[in-house]
>>> print(open('structure_8.cif').read())   # mmCIF, C-alpha atoms
data_my_file
#
loop_
_atom_site.group_PDB
_atom_site.id
_atom_site.type_symbol
_atom_site.label_atom_id
_atom_site.label_comp_id
_atom_site.auth_asym_id
_atom_site.auth_seq_id
_atom_site.Cartn_x
_atom_site.Cartn_y
_atom_site.Cartn_z
ATOM 1 C CA MET E 1 -7.015 -26.875 -11.572
ATOM 2 C CA THR E 2 -4.889 -29.985 -11.861
ATOM 3 C CA SER E 3 -3.777 -32.485 -14.462
ATOM 4 C CA SER E 4 -5.869 -35.093 -12.702
ATOM 5 C CA ILE E 5 -8.436 -37.560 -13.851
ATOM 6 C CA PRO E 6 -12.012 -36.722 -12.787
ATOM 7 C CA ALA E 7 -13.075 -37.910 -9.366
ATOM 8 C CA VAL E 8 -14.024 -41.563 -9.569
ATOM 9 C CA ASP E 9 -15.101 -44.196 -7.103
ATOM 10 C CA ILE E 10 -11.938 -46.247 -6.757
ATOM 11 C CA ARG E 11 -11.128 -48.479 -3.823
ATOM 12 C CA THR E 12 -8.385 -50.811 -2.694
ATOM 13 C CA ALA E 13 -8.752 -54.536 -2.118
ATOM 14 C CA GLU E 14 -11.830 -55.619 -0.194
ATOM 15 C CA GLY E 15 -11.255 -55.653 3.530
ATOM 16 C CA SER E 16 -8.484 -53.060 3.537
ATOM 17 C CA ALA E 17 -9.102 -49.738 5.272
ATOM 18 C CA LEU E 18 -6.464 -48.038 3.106
ATOM 19 C CA GLN E 19 -8.172 -46.132 0.286
ATOM 20 C CA ALA E 20 -5.326 -44.070 -1.224
ATOM 21 C CA VAL E 21 -1.664 -43.123 -0.917
ATOM 22 C CA LEU E 22 -0.715 -39.463 -1.351
ATOM 23 C CA LEU E 23 2.956 -38.731 -1.917
ATOM 24 C CA ASP E 24 5.060 -35.601 -1.697
ATOM 25 C CA MET E 25 7.643 -35.173 -4.462
ATOM 26 C CA ASP E 26 10.828 -33.245 -3.584
ATOM 27 C CA GLY E 27 12.886 -34.997 -0.923
ATOM 28 C CA THR E 28 10.357 -37.831 -0.638
ATOM 29 C CA LEU E 29 10.443 -39.576 -4.014
ATOM 30 C CA VAL E 30 13.227 -37.659 -5.746
ATOM 31 C CA ASP E 31 16.533 -36.411 -4.363
ATOM 32 C CA THR E 32 15.985 -32.762 -5.264
ATOM 33 C CA GLU E 33 16.130 -30.804 -2.001
ATOM 34 C CA GLY E 34 19.857 -30.257 -2.544
ATOM 35 C CA ILE E 35 19.231 -29.191 -6.141
ATOM 36 C CA TRP E 36 16.693 -26.592 -4.995
ATOM 37 C CA TRP E 37 19.255 -25.248 -2.534
ATOM 38 C CA ASP E 38 21.892 -25.099 -5.282
ATOM 39 C CA ALA E 39 19.443 -23.134 -7.429
ATOM 40 C CA GLU E 40 18.751 -20.691 -4.599
ATOM 41 C CA VAL E 41 22.447 -20.256 -3.800
ATOM 42 C CA SER E 42 23.383 -19.637 -7.428
ATOM 43 C CA ILE E 43 20.601 -17.134 -8.094
ATOM 44 C CA PHE E 44 21.391 -15.129 -4.973
ATOM 45 C CA ALA E 45 25.104 -15.206 -5.784
ATOM 46 C CA GLU E 46 24.236 -13.562 -9.093
ATOM 47 C CA LEU E 47 22.264 -10.981 -7.126
ATOM 48 C CA GLY E 48 25.334 -10.314 -4.970
ATOM 49 C CA HIS E 49 24.276 -12.199 -1.846
ATOM 50 C CA ALA E 50 25.650 -15.302 -0.127
ATOM 51 C CA LEU E 51 23.043 -17.530 1.513
ATOM 52 C CA ALA E 52 23.817 -18.663 5.046
ATOM 53 C CA GLU E 53 23.623 -22.432 5.521
ATOM 54 C CA GLU E 54 21.045 -22.042 8.297
ATOM 55 C CA TYR E 55 18.585 -20.598 5.754
ATOM 56 C CA ARG E 56 18.377 -24.038 4.192
ATOM 57 C CA GLN E 57 16.438 -25.468 7.127
ATOM 58 C CA VAL E 58 13.944 -22.603 6.869
ATOM 59 C CA VAL E 59 13.167 -22.960 3.168
ATOM 60 C CA VAL E 60 13.197 -26.760 2.829
ATOM 61 C CA GLY E 61 9.813 -28.203 1.941
ATOM 62 C CA GLY E 62 8.093 -24.844 1.896
ATOM 63 C CA PRO E 63 5.969 -23.366 -0.875
ATOM 64 C CA MET E 64 7.990 -21.363 -3.399
ATOM 65 C CA SER E 65 6.375 -18.037 -2.468
ATOM 66 C CA ARG E 66 7.172 -18.446 1.238
ATOM 67 C CA SER E 67 10.742 -19.630 0.686
ATOM 68 C CA ALA E 68 11.508 -16.923 -1.859
ATOM 69 C CA GLN E 69 10.008 -14.177 0.321
ATOM 70 C CA PHE E 70 12.052 -15.350 3.293
ATOM 71 C CA LEU E 71 15.282 -15.241 1.274
ATOM 72 C CA ILE E 72 14.503 -11.759 -0.041
ATOM 73 C CA GLU E 73 13.927 -10.478 3.488
ATOM 74 C CA ALA E 74 16.914 -12.339 4.950
ATOM 75 C CA THR E 75 19.373 -11.029 2.355
ATOM 76 C CA GLY E 76 17.864 -7.661 1.524
ATOM 77 C CA ALA E 77 18.061 -8.523 -2.181
ATOM 78 C CA GLU E 78 16.367 -5.980 -4.421
ATOM 79 C CA ILE E 79 14.151 -8.250 -6.506
ATOM 80 C CA ALA E 80 10.408 -8.714 -6.773
ATOM 81 C CA LEU E 81 8.914 -11.948 -5.484
ATOM 82 C CA ALA E 82 7.388 -12.884 -8.846
ATOM 83 C CA GLU E 83 10.685 -12.353 -10.655
ATOM 84 C CA LEU E 84 12.610 -14.401 -8.110
ATOM 85 C CA THR E 85 10.205 -17.345 -8.215
ATOM 86 C CA GLY E 86 10.476 -17.361 -12.003
ATOM 87 C CA LEU E 87 14.279 -17.362 -11.832
ATOM 88 C CA LEU E 88 14.344 -20.160 -9.244
ATOM 89 C CA ASN E 89 11.984 -22.380 -11.208
ATOM 90 C CA SER E 90 13.998 -21.843 -14.383
ATOM 91 C CA ARG E 91 17.332 -22.501 -12.671
ATOM 92 C CA PHE E 92 16.013 -25.665 -11.040
ATOM 93 C CA THR E 93 14.777 -27.070 -14.336
ATOM 94 C CA GLU E 94 18.173 -26.254 -15.870
ATOM 95 C CA LEU E 95 19.972 -28.111 -13.077
ATOM 96 C CA ILE E 96 17.827 -31.232 -13.472
ATOM 97 C CA ASP E 97 18.303 -31.426 -17.226
ATOM 98 C CA GLY E 98 18.187 -35.148 -17.853
ATOM 99 C CA SER E 99 16.872 -37.666 -15.340
ATOM 100 C CA VAL E 100 16.078 -36.758 -11.744
ATOM 101 C CA PRO E 101 17.660 -39.027 -9.089
ATOM 102 C CA MET E 102 15.031 -41.090 -7.284
ATOM 103 C CA LEU E 103 15.475 -41.834 -3.597
ATOM 104 C CA PRO E 104 16.119 -45.425 -2.420
ATOM 105 C CA GLY E 105 12.942 -47.483 -2.400
ATOM 106 C CA ALA E 106 10.855 -44.926 -4.318
ATOM 107 C CA ARG E 107 10.638 -46.700 -7.664
ATOM 108 C CA ARG E 108 9.943 -50.079 -6.044
ATOM 109 C CA LEU E 109 7.142 -48.599 -3.927
ATOM 110 C CA LEU E 110 5.485 -46.858 -6.877
ATOM 111 C CA THR E 111 5.673 -50.071 -8.883
ATOM 112 C CA GLU E 112 4.080 -52.052 -6.047
ATOM 113 C CA LEU E 113 1.256 -49.558 -5.583
ATOM 114 C CA ALA E 114 0.531 -49.629 -9.314
ATOM 115 C CA ALA E 115 0.637 -53.429 -9.430
ATOM 116 C CA HIS E 116 -2.053 -53.593 -6.731
ATOM 117 C CA SER E 117 -4.152 -50.773 -8.265
ATOM 118 C CA ILE E 118 -3.790 -48.555 -5.180
ATOM 119 C CA PRO E 119 -5.163 -45.062 -5.932
ATOM 120 C CA THR E 120 -2.116 -42.801 -5.779
ATOM 121 C CA ALA E 121 -1.629 -39.033 -6.015
ATOM 122 C CA LEU E 122 1.450 -36.820 -6.256
ATOM 123 C CA VAL E 123 1.014 -33.706 -4.103
ATOM 124 C CA SER E 124 3.762 -31.077 -4.213
ATOM 125 C CA ALA E 125 4.404 -27.465 -3.233
ATOM 126 C CA SER E 126 6.455 -27.171 -6.429
ATOM 127 C CA HIS E 127 4.890 -25.374 -9.376
ATOM 128 C CA ARG E 128 3.285 -27.266 -12.261
ATOM 129 C CA ARG E 129 6.139 -26.568 -14.697
ATOM 130 C CA VAL E 130 8.579 -28.177 -12.253
ATOM 131 C CA MET E 131 6.266 -31.069 -11.358
ATOM 132 C CA ASP E 132 5.716 -31.970 -15.007
ATOM 133 C CA ARG E 133 9.463 -31.969 -15.575
ATOM 134 C CA VAL E 134 10.080 -34.306 -12.631
ATOM 135 C CA LEU E 135 7.184 -36.553 -13.668
ATOM 136 C CA ARG E 136 9.207 -37.579 -16.708
ATOM 137 C CA SER E 137 11.525 -39.427 -14.325
ATOM 138 C CA LEU E 138 8.857 -40.623 -11.879
ATOM 139 C CA GLY E 139 6.545 -41.904 -14.580
ATOM 140 C CA PRO E 140 3.185 -40.104 -14.826
ATOM 141 C CA GLU E 141 1.466 -43.481 -15.229
ATOM 142 C CA HIS E 142 2.090 -44.124 -11.525
ATOM 143 C CA PHE E 143 -0.344 -41.399 -10.461
ATOM 144 C CA ALA E 144 -4.094 -41.132 -10.939
ATOM 145 C CA LEU E 145 -3.938 -37.484 -9.933
ATOM 146 C CA THR E 146 -1.316 -34.765 -9.418
ATOM 147 C CA VAL E 147 -1.621 -31.494 -7.474
ATOM 148 C CA ALA E 148 0.957 -28.713 -7.870
ATOM 149 C CA GLY E 149 1.599 -25.848 -5.474
ATOM 150 C CA ASP E 150 0.464 -23.140 -7.889
ATOM 151 C CA GLU E 151 -2.880 -24.867 -8.496
ATOM 152 C CA VAL E 152 -4.352 -24.332 -5.041
ATOM 153 C CA GLU E 153 -5.121 -21.042 -3.338
ATOM 154 C CA ARG E 154 -3.397 -22.235 -0.167
ATOM 155 C CA THR E 155 -0.597 -24.763 -0.464
ATOM 156 C CA LYS E 156 1.317 -26.598 2.280
ATOM 157 C CA PRO E 157 1.321 -26.244 5.300
ATOM 158 C CA HIS E 158 -2.409 -25.712 4.733
ATOM 159 C CA PRO E 159 -4.465 -28.906 4.275
ATOM 160 C CA ASP E 160 -5.983 -27.848 0.946
ATOM 161 C CA PRO E 161 -3.674 -29.839 -1.403
ATOM 162 C CA TYR E 162 -4.242 -33.099 0.465
ATOM 163 C CA LEU E 163 -7.974 -32.518 0.826
ATOM 164 C CA LEU E 164 -8.159 -31.881 -2.923
ATOM 165 C CA ALA E 165 -6.183 -35.035 -3.677
ATOM 166 C CA ALA E 166 -8.315 -37.207 -1.397
ATOM 167 C CA ALA E 167 -11.517 -35.831 -2.904
ATOM 168 C CA GLY E 168 -10.190 -36.397 -6.414
ATOM 169 C CA LEU E 169 -9.585 -40.047 -5.563
ATOM 170 C CA ALA E 170 -12.985 -40.377 -3.847
ATOM 171 C CA ALA E 171 -11.178 -41.305 -0.635
ATOM 172 C CA GLU E 172 -11.758 -40.340 2.982
ATOM 173 C CA PRO E 173 -8.768 -38.332 4.301
ATOM 174 C CA GLY E 174 -8.625 -40.529 7.406
ATOM 175 C CA ARG E 175 -8.173 -43.586 5.202
ATOM 176 C CA CYS E 176 -5.334 -42.061 3.191
ATOM 177 C CA VAL E 177 -1.633 -42.394 4.009
ATOM 178 C CA VAL E 178 0.485 -39.357 3.179
ATOM 179 C CA ILE E 179 4.237 -39.818 2.721
ATOM 180 C CA GLU E 180 6.216 -36.634 3.434
ATOM 181 C CA ASP E 181 9.782 -35.565 4.209
ATOM 182 C CA THR E 182 9.372 -32.138 5.853
ATOM 183 C CA ASP E 183 7.548 -30.612 8.796
ATOM 184 C CA THR E 184 5.662 -28.323 6.413
ATOM 185 C CA GLY E 185 4.230 -31.273 4.505
ATOM 186 C CA VAL E 186 3.526 -33.269 7.649
ATOM 187 C CA ARG E 187 1.514 -30.377 9.099
ATOM 188 C CA ALA E 188 -0.491 -30.093 5.885
ATOM 189 C CA ALA E 189 -1.306 -33.806 5.875
ATOM 190 C CA GLU E 190 -2.220 -33.887 9.555
ATOM 191 C CA ALA E 191 -4.431 -30.807 9.176
ATOM 192 C CA ALA E 192 -6.247 -32.673 6.389
ATOM 193 C CA GLY E 193 -6.890 -35.577 8.758
ATOM 194 C CA CYS E 194 -4.647 -38.082 6.958
ATOM 195 C CA ARG E 195 -2.361 -40.702 8.446
ATOM 196 C CA VAL E 196 1.245 -39.588 8.016
ATOM 197 C CA LEU E 197 4.401 -41.510 7.214
ATOM 198 C CA ALA E 198 7.385 -39.176 7.566
ATOM 199 C CA VAL E 199 10.726 -39.894 5.899
ATOM 200 C CA PRO E 200 12.837 -36.879 6.983
ATOM 201 C CA SER E 201 15.278 -35.491 4.423
ATOM 202 C CA VAL E 202 17.073 -32.355 5.671
ATOM 203 C CA VAL E 203 15.433 -31.572 9.029
ATOM 204 C CA PRO E 204 14.503 -34.231 11.650
ATOM 205 C CA ILE E 205 10.815 -34.963 12.316
ATOM 206 C CA GLU E 206 9.656 -36.314 15.658
ATOM 207 C CA PRO E 207 7.092 -39.130 15.992
ATOM 208 C CA ALA E 208 3.628 -38.103 17.199
ATOM 209 C CA ALA E 209 0.088 -39.413 17.443
ATOM 210 C CA GLY E 210 -1.106 -40.434 13.997
ATOM 211 C CA ARG E 211 2.419 -40.047 12.606
ATOM 212 C CA THR E 212 5.059 -42.682 11.915
ATOM 213 C CA VAL E 213 8.684 -41.736 11.252
ATOM 214 C CA ILE E 214 11.094 -43.981 9.352
ATOM 215 C CA GLY E 215 14.545 -43.592 7.842
ATOM 216 C CA SER E 216 13.979 -44.620 4.230
ATOM 217 C CA LEU E 217 11.335 -45.706 1.741
ATOM 218 C CA GLU E 218 13.240 -48.964 1.573
ATOM 219 C CA GLU E 219 11.430 -49.811 4.824
ATOM 220 C CA VAL E 220 8.000 -49.341 3.206
ATOM 221 C CA ASP E 221 5.747 -51.726 1.320
ATOM 222 C CA LEU E 222 1.993 -51.964 0.778
ATOM 223 C CA ASP E 223 1.402 -54.216 3.775
ATOM 224 C CA PHE E 224 3.152 -51.680 6.003
ATOM 225 C CA LEU E 225 1.052 -48.807 4.628
ATOM 226 C CA ARG E 226 -2.135 -50.763 5.282
ATOM 227 C CA THR E 227 -1.200 -51.214 8.962
ATOM 228 C CA LEU E 228 -1.030 -47.426 9.382
ATOM 229 C CA VAL E 229 -4.716 -47.120 8.567
ATOM 230 C CA THR E 230 -6.114 -50.304 10.055
ATOM 231 C CA ALA E 231 -4.510 -49.278 13.344
ATOM 232 C CA VAL E 232 -7.169 -46.568 13.746
ATOM 233 C CA HIS E 233 -10.160 -48.076 11.928
#
>>> encode(input="structure_8.cif", output="structure tokens")
Amino acid sequence: MTSSIPAVDIRTAEGSALQAVLLDMDGTLVDTEGIWWDAEVSIFAELGHALAEEYRQVVVGGPMSRSAQFLIEATGAEIALAELTGLLNSRFTELIDGSVPMLPGARRLLTELAAHSIPTALVSASHRRVMDRVLRSLGPEHFALTVAGDEVERTKPHPDPYLLAAAGLAAEPGRCVVIEDTDTGVRAAEAAGCRVLAVPSVVPIEPAAGRTVIGSLEEVDLDFLRTLVTAVH
């Protein structure tokens, strides 16, 4: 299913309600939302179609199958869904040849979580081949478990990826903080019963019960993450 370690009984420091941190990848830790859009634009240009800018807000953060199907229907392109998803994944990996740009505060936060032995998972709607490529820049050692979009029957906005990650870390969903950048990911995390920290990338996200919205990961440290859980436990 995933390239994870087996489920183990791991916990944070005694007295802390926070049991695990589950992080989205694209647009949250790495600055790749624009690269995905460039891949989509270039592939559809080769198919003879120009993508309208407003399509970008529809496809951002979504699972590959949903985004690709939307673009096929919106443009009328004559291409099968499976072929298009293969082309998009290949073009994206070509465009990120070399290191992937990390967003401000991402590397510092991952380093802090690792230093304090906080169980951490990477949970993405991107396919495994893409996730493994990006992990070279993120550092796979930062994550006890990773879940890719093509490894679950239902990916975001369904709760399944976050429920799987929490279970794999032997953590209660309500004592996990999920860090996301899109509405699709936020809905998945909330449906799983997790506390949500939203760092919007392309489309704004409004604050709500159980959800905190900030402008950058530079505003986040472990103490801050712990307050998001202790506030309800």
>>> residues_around(input="structure_8.cif", residues="Asp160 (chain E)", least_positions_apart="3", cutoff="12 Å", atoms="all atoms listed in the file", output="PyMOL selection string")
chain E and resi 123-125+147-157+163-167+173+185+187-194
>>> write_last_selection(input="structure_8.cif", atoms="C-alpha atoms", output="short mmCIF file (atom, residue, chain, number, x, y, z; two decimals), in the frame of the given file")
data_model
loop_
_atom_site.label_atom_id
_atom_site.label_comp_id
_atom_site.auth_asym_id
_atom_site.auth_seq_id
_atom_site.Cartn_x
_atom_site.Cartn_y
_atom_site.Cartn_z
CA VAL E 123 1.01 -33.71 -4.10
CA SER E 124 3.76 -31.08 -4.21
CA ALA E 125 4.40 -27.46 -3.23
CA VAL E 147 -1.62 -31.49 -7.47
CA ALA E 148 0.96 -28.71 -7.87
CA GLY E 149 1.60 -25.85 -5.47
CA ASP E 150 0.46 -23.14 -7.89
CA GLU E 151 -2.88 -24.87 -8.50
CA VAL E 152 -4.35 -24.33 -5.04
CA GLU E 153 -5.12 -21.04 -3.34
CA ARG E 154 -3.40 -22.24 -0.17
CA THR E 155 -0.60 -24.76 -0.46
CA LYS E 156 1.32 -26.60 2.28
CA PRO E 157 1.32 -26.24 5.30
CA LEU E 163 -7.97 -32.52 0.83
CA LEU E 164 -8.16 -31.88 -2.92
CA ALA E 165 -6.18 -35.03 -3.68
CA ALA E 166 -8.32 -37.21 -1.40
CA ALA E 167 -11.52 -35.83 -2.90
CA PRO E 173 -8.77 -38.33 4.30
CA GLY E 185 4.23 -31.27 4.50
CA ARG E 187 1.51 -30.38 9.10
CA ALA E 188 -0.49 -30.09 5.88
CA ALA E 189 -1.31 -33.81 5.88
CA GLU E 190 -2.22 -33.89 9.56
CA ALA E 191 -4.43 -30.81 9.18
CA ALA E 192 -6.25 -32.67 6.39
CA GLY E 193 -6.89 -35.58 8.76
CA CYS E 194 -4.65 -38.08 6.96
#
>>> closest_residue(input="structure_8.cif", among="E:Val229, E:Val186, E:Ala74, E:Ile79", to="His158 (chain E)", atoms="all atoms listed in the file")
E:Val186
>>> atom_distance(input="structure_8.cif", atom1="CA of Thr182 (chain E)", atom2="CA of Leu145 (chain E)")
21.3 Å
>>> residues_around(input="structure_8.cif", residues="Leu217 (chain E)", least_positions_apart="2", cutoff="12 Å", atoms="all atoms listed in the file", output="ChimeraX atom specification")
/E:23,27-30,102-110,179-181,197-201,213-215,219-222,224-225
>>> closest_residue(input="structure_8.cif", among="E:Asp132, E:Glu94, E:Asp24, E:Glu73", to="Asp38 (chain E)", atoms="all atoms listed in the file")
E:Glu94
>>> atom_distance(input="structure_8.cif", atom1="CA of Phe44 (chain E)", atom2="CA of Arg91 (chain E)")
11.4 Å
>>> resolve_selection(input="structure_8.cif", expression="the PyMOL selection byres ((chain E and resi 49-64) around 9)", output="count of residues only")
44
>>> atom_distance(input="structure_8.cif", atom1="CA of Gln19 (chain E)", atom2="CA of Gly168 (chain E)")
12.0 Å
>>> closest_residue(input="structure_8.cif", among="E:Ala20, E:Val130, E:Leu228, E:Cys176", to="Asp97 (chain E)", atoms="only C-alpha atoms")
E:Val130
>>> axis_aligned_box(input="structure_8.cif", around="region 43-47 of chain E", padding_each_side="4 Å", output="JSON")
{"center_x": 22.9, "center_y": -14.1, "center_z": -7.0, "size_x": 12.5, "size_y": 14.2, "size_z": 12.1}
>>> build_atoms(input="structure_8.cif", residues="region 26-61 of chain E", atoms="N, CA and C atoms", output="PDB file, in the frame of the given file")
ATOM      1  N   ASP E  26       9.446 -33.619  -3.883  1.00  0.00           N
ATOM      2  CA  ASP E  26      10.828 -33.245  -3.584  1.00  0.00           C
ATOM      3  C   ASP E  26      11.265 -33.754  -2.218  1.00  0.00           C
ATOM      4  N   GLY E  27      12.357 -34.503  -2.186  1.00  0.00           N
ATOM      5  CA  GLY E  27      12.886 -34.997  -0.923  1.00  0.00           C
ATOM      6  C   GLY E  27      12.215 -36.251  -0.417  1.00  0.00           C
ATOM      7  N   THR E  28      11.081 -36.615  -1.024  1.00  0.00           N
ATOM      8  CA  THR E  28      10.357 -37.831  -0.638  1.00  0.00           C
ATOM      9  C   THR E  28      10.554 -38.929  -1.672  1.00  0.00           C
ATOM     10  N   LEU E  29      10.260 -38.613  -2.927  1.00  0.00           N
ATOM     11  CA  LEU E  29      10.443 -39.576  -4.014  1.00  0.00           C
ATOM     12  C   LEU E  29      11.715 -39.310  -4.812  1.00  0.00           C
ATOM     13  N   VAL E  30      12.051 -38.032  -4.959  1.00  0.00           N
ATOM     14  CA  VAL E  30      13.227 -37.659  -5.746  1.00  0.00           C
ATOM     15  C   VAL E  30      14.202 -36.850  -4.898  1.00  0.00           C
ATOM     16  N   ASP E  31      15.476 -37.043  -5.148  1.00  0.00           N
ATOM     17  CA  ASP E  31      16.533 -36.411  -4.363  1.00  0.00           C
ATOM     18  C   ASP E  31      16.827 -35.021  -4.909  1.00  0.00           C
ATOM     19  N   THR E  32      15.882 -34.091  -4.660  1.00  0.00           N
ATOM     20  CA  THR E  32      15.985 -32.762  -5.264  1.00  0.00           C
ATOM     21  C   THR E  32      16.120 -31.622  -4.266  1.00  0.00           C
ATOM     22  N   GLU E  33      16.019 -31.896  -2.968  1.00  0.00           N
ATOM     23  CA  GLU E  33      16.130 -30.804  -2.001  1.00  0.00           C
ATOM     24  C   GLU E  33      17.482 -30.090  -2.143  1.00  0.00           C
ATOM     25  N   GLY E  34      18.542 -30.854  -2.355  1.00  0.00           N
ATOM     26  CA  GLY E  34      19.857 -30.257  -2.544  1.00  0.00           C
ATOM     27  C   GLY E  34      19.949 -29.457  -3.826  1.00  0.00           C
ATOM     28  N   ILE E  35      19.228 -29.906  -4.864  1.00  0.00           N
ATOM     29  CA  ILE E  35      19.231 -29.191  -6.141  1.00  0.00           C
ATOM     30  C   ILE E  35      18.503 -27.859  -5.999  1.00  0.00           C
ATOM     31  N   TRP E  36      17.389 -27.857  -5.260  1.00  0.00           N
ATOM     32  CA  TRP E  36      16.693 -26.592  -4.995  1.00  0.00           C
ATOM     33  C   TRP E  36      17.614 -25.620  -4.264  1.00  0.00           C
ATOM     34  N   TRP E  37      18.345 -26.120  -3.287  1.00  0.00           N
ATOM     35  CA  TRP E  37      19.255 -25.248  -2.534  1.00  0.00           C
ATOM     36  C   TRP E  37      20.353 -24.715  -3.459  1.00  0.00           C
ATOM     37  N   ASP E  38      20.876 -25.557  -4.324  1.00  0.00           N
ATOM     38  CA  ASP E  38      21.892 -25.099  -5.282  1.00  0.00           C
ATOM     39  C   ASP E  38      21.331 -24.003  -6.189  1.00  0.00           C
ATOM     40  N   ALA E  39      20.073 -24.155  -6.590  1.00  0.00           N
ATOM     41  CA  ALA E  39      19.443 -23.134  -7.429  1.00  0.00           C
ATOM     42  C   ALA E  39      19.316 -21.817  -6.669  1.00  0.00           C
ATOM     43  N   GLU E  40      18.901 -21.902  -5.413  1.00  0.00           N
ATOM     44  CA  GLU E  40      18.751 -20.691  -4.599  1.00  0.00           C
ATOM     45  C   GLU E  40      20.101 -20.016  -4.368  1.00  0.00           C
ATOM     46  N   VAL E  41      21.108 -20.813  -4.046  1.00  0.00           N
ATOM     47  CA  VAL E  41      22.447 -20.256  -3.800  1.00  0.00           C
ATOM     48  C   VAL E  41      22.978 -19.570  -5.050  1.00  0.00           C
ATOM     49  N   SER E  42      22.825 -20.206  -6.200  1.00  0.00           N
ATOM     50  CA  SER E  42      23.383 -19.637  -7.428  1.00  0.00           C
ATOM     51  C   SER E  42      22.665 -18.360  -7.851  1.00  0.00           C
ATOM     52  N   ILE E  43      21.347 -18.340  -7.726  1.00  0.00           N
ATOM     53  CA  ILE E  43      20.601 -17.134  -8.094  1.00  0.00           C
ATOM     54  C   ILE E  43      20.971 -15.970  -7.188  1.00  0.00           C
ATOM     55  N   PHE E  44      21.058 -16.225  -5.885  1.00  0.00           N
ATOM     56  CA  PHE E  44      21.391 -15.129  -4.973  1.00  0.00           C
ATOM     57  C   PHE E  44      22.843 -14.693  -5.116  1.00  0.00           C
ATOM     58  N   ALA E  45      23.716 -15.603  -5.508  1.00  0.00           N
ATOM     59  CA  ALA E  45      25.104 -15.206  -5.784  1.00  0.00           C
ATOM     60  C   ALA E  45      25.135 -14.226  -6.955  1.00  0.00           C
ATOM     61  N   GLU E  46      24.313 -14.471  -7.956  1.00  0.00           N
ATOM     62  CA  GLU E  46      24.236 -13.562  -9.093  1.00  0.00           C
ATOM     63  C   GLU E  46      23.640 -12.217  -8.696  1.00  0.00           C
ATOM     64  N   LEU E  47      22.843 -12.224  -7.634  1.00  0.00           N
ATOM     65  CA  LEU E  47      22.264 -10.981  -7.126  1.00  0.00           C
ATOM     66  C   LEU E  47      23.194 -10.280  -6.133  1.00  0.00           C
ATOM     67  N   GLY E  48      24.344 -10.919  -5.861  1.00  0.00           N
ATOM     68  CA  GLY E  48      25.334 -10.314  -4.970  1.00  0.00           C
ATOM     69  C   GLY E  48      25.173 -10.666  -3.512  1.00  0.00           C
ATOM     70  N   HIS E  49      24.509 -11.801  -3.235  1.00  0.00           N
ATOM     71  CA  HIS E  49      24.276 -12.199  -1.846  1.00  0.00           C
ATOM     72  C   HIS E  49      24.665 -13.661  -1.632  1.00  0.00           C
ATOM     73  N   ALA E  50      25.312 -13.932  -0.510  1.00  0.00           N
ATOM     74  CA  ALA E  50      25.650 -15.302  -0.127  1.00  0.00           C
ATOM     75  C   ALA E  50      24.609 -15.801   0.863  1.00  0.00           C
ATOM     76  N   LEU E  51      24.054 -16.977   0.617  1.00  0.00           N
ATOM     77  CA  LEU E  51      23.043 -17.530   1.513  1.00  0.00           C
ATOM     78  C   LEU E  51      23.705 -18.282   2.659  1.00  0.00           C
ATOM     79  N   ALA E  52      23.314 -17.958   3.876  1.00  0.00           N
ATOM     80  CA  ALA E  52      23.817 -18.663   5.046  1.00  0.00           C
ATOM     81  C   ALA E  52      23.252 -20.070   5.073  1.00  0.00           C
ATOM     82  N   GLU E  53      24.039 -21.032   5.512  1.00  0.00           N
ATOM     83  CA  GLU E  53      23.623 -22.432   5.521  1.00  0.00           C
ATOM     84  C   GLU E  53      22.367 -22.642   6.362  1.00  0.00           C
ATOM     85  N   GLU E  54      22.214 -21.843   7.442  1.00  0.00           N
ATOM     86  CA  GLU E  54      21.045 -22.042   8.297  1.00  0.00           C
ATOM     87  C   GLU E  54      19.732 -21.683   7.589  1.00  0.00           C
ATOM     88  N   TYR E  55      19.800 -20.917   6.504  1.00  0.00           N
ATOM     89  CA  TYR E  55      18.585 -20.598   5.754  1.00  0.00           C
ATOM     90  C   TYR E  55      17.986 -21.859   5.140  1.00  0.00           C
ATOM     91  N   ARG E  56      18.833 -22.833   4.878  1.00  0.00           N
ATOM     92  CA  ARG E  56      18.377 -24.038   4.192  1.00  0.00           C
ATOM     93  C   ARG E  56      17.295 -24.750   4.988  1.00  0.00           C
ATOM     94  N   GLN E  57      17.433 -24.786   6.306  1.00  0.00           N
ATOM     95  CA  GLN E  57      16.438 -25.468   7.127  1.00  0.00           C
ATOM     96  C   GLN E  57      15.122 -24.706   7.175  1.00  0.00           C
ATOM     97  N   VAL E  58      15.167 -23.409   6.871  1.00  0.00           N
ATOM     98  CA  VAL E  58      13.944 -22.603   6.869  1.00  0.00           C
ATOM     99  C   VAL E  58      13.160 -22.818   5.584  1.00  0.00           C
ATOM    100  N   VAL E  59      13.857 -22.913   4.459  1.00  0.00           N
ATOM    101  CA  VAL E  59      13.167 -22.960   3.168  1.00  0.00           C
ATOM    102  C   VAL E  59      12.810 -24.372   2.710  1.00  0.00           C
ATOM    103  N   VAL E  60      13.436 -25.398   3.304  1.00  0.00           N
ATOM    104  CA  VAL E  60      13.197 -26.760   2.829  1.00  0.00           C
ATOM    105  C   VAL E  60      11.728 -27.155   2.975  1.00  0.00           C
ATOM    106  N   GLY E  61      11.178 -27.694   1.901  1.00  0.00           N
ATOM    107  CA  GLY E  61       9.813 -28.203   1.941  1.00  0.00           C
ATOM    108  C   GLY E  61       8.727 -27.155   1.874  1.00  0.00           C
TER     109      GLY E  61
END
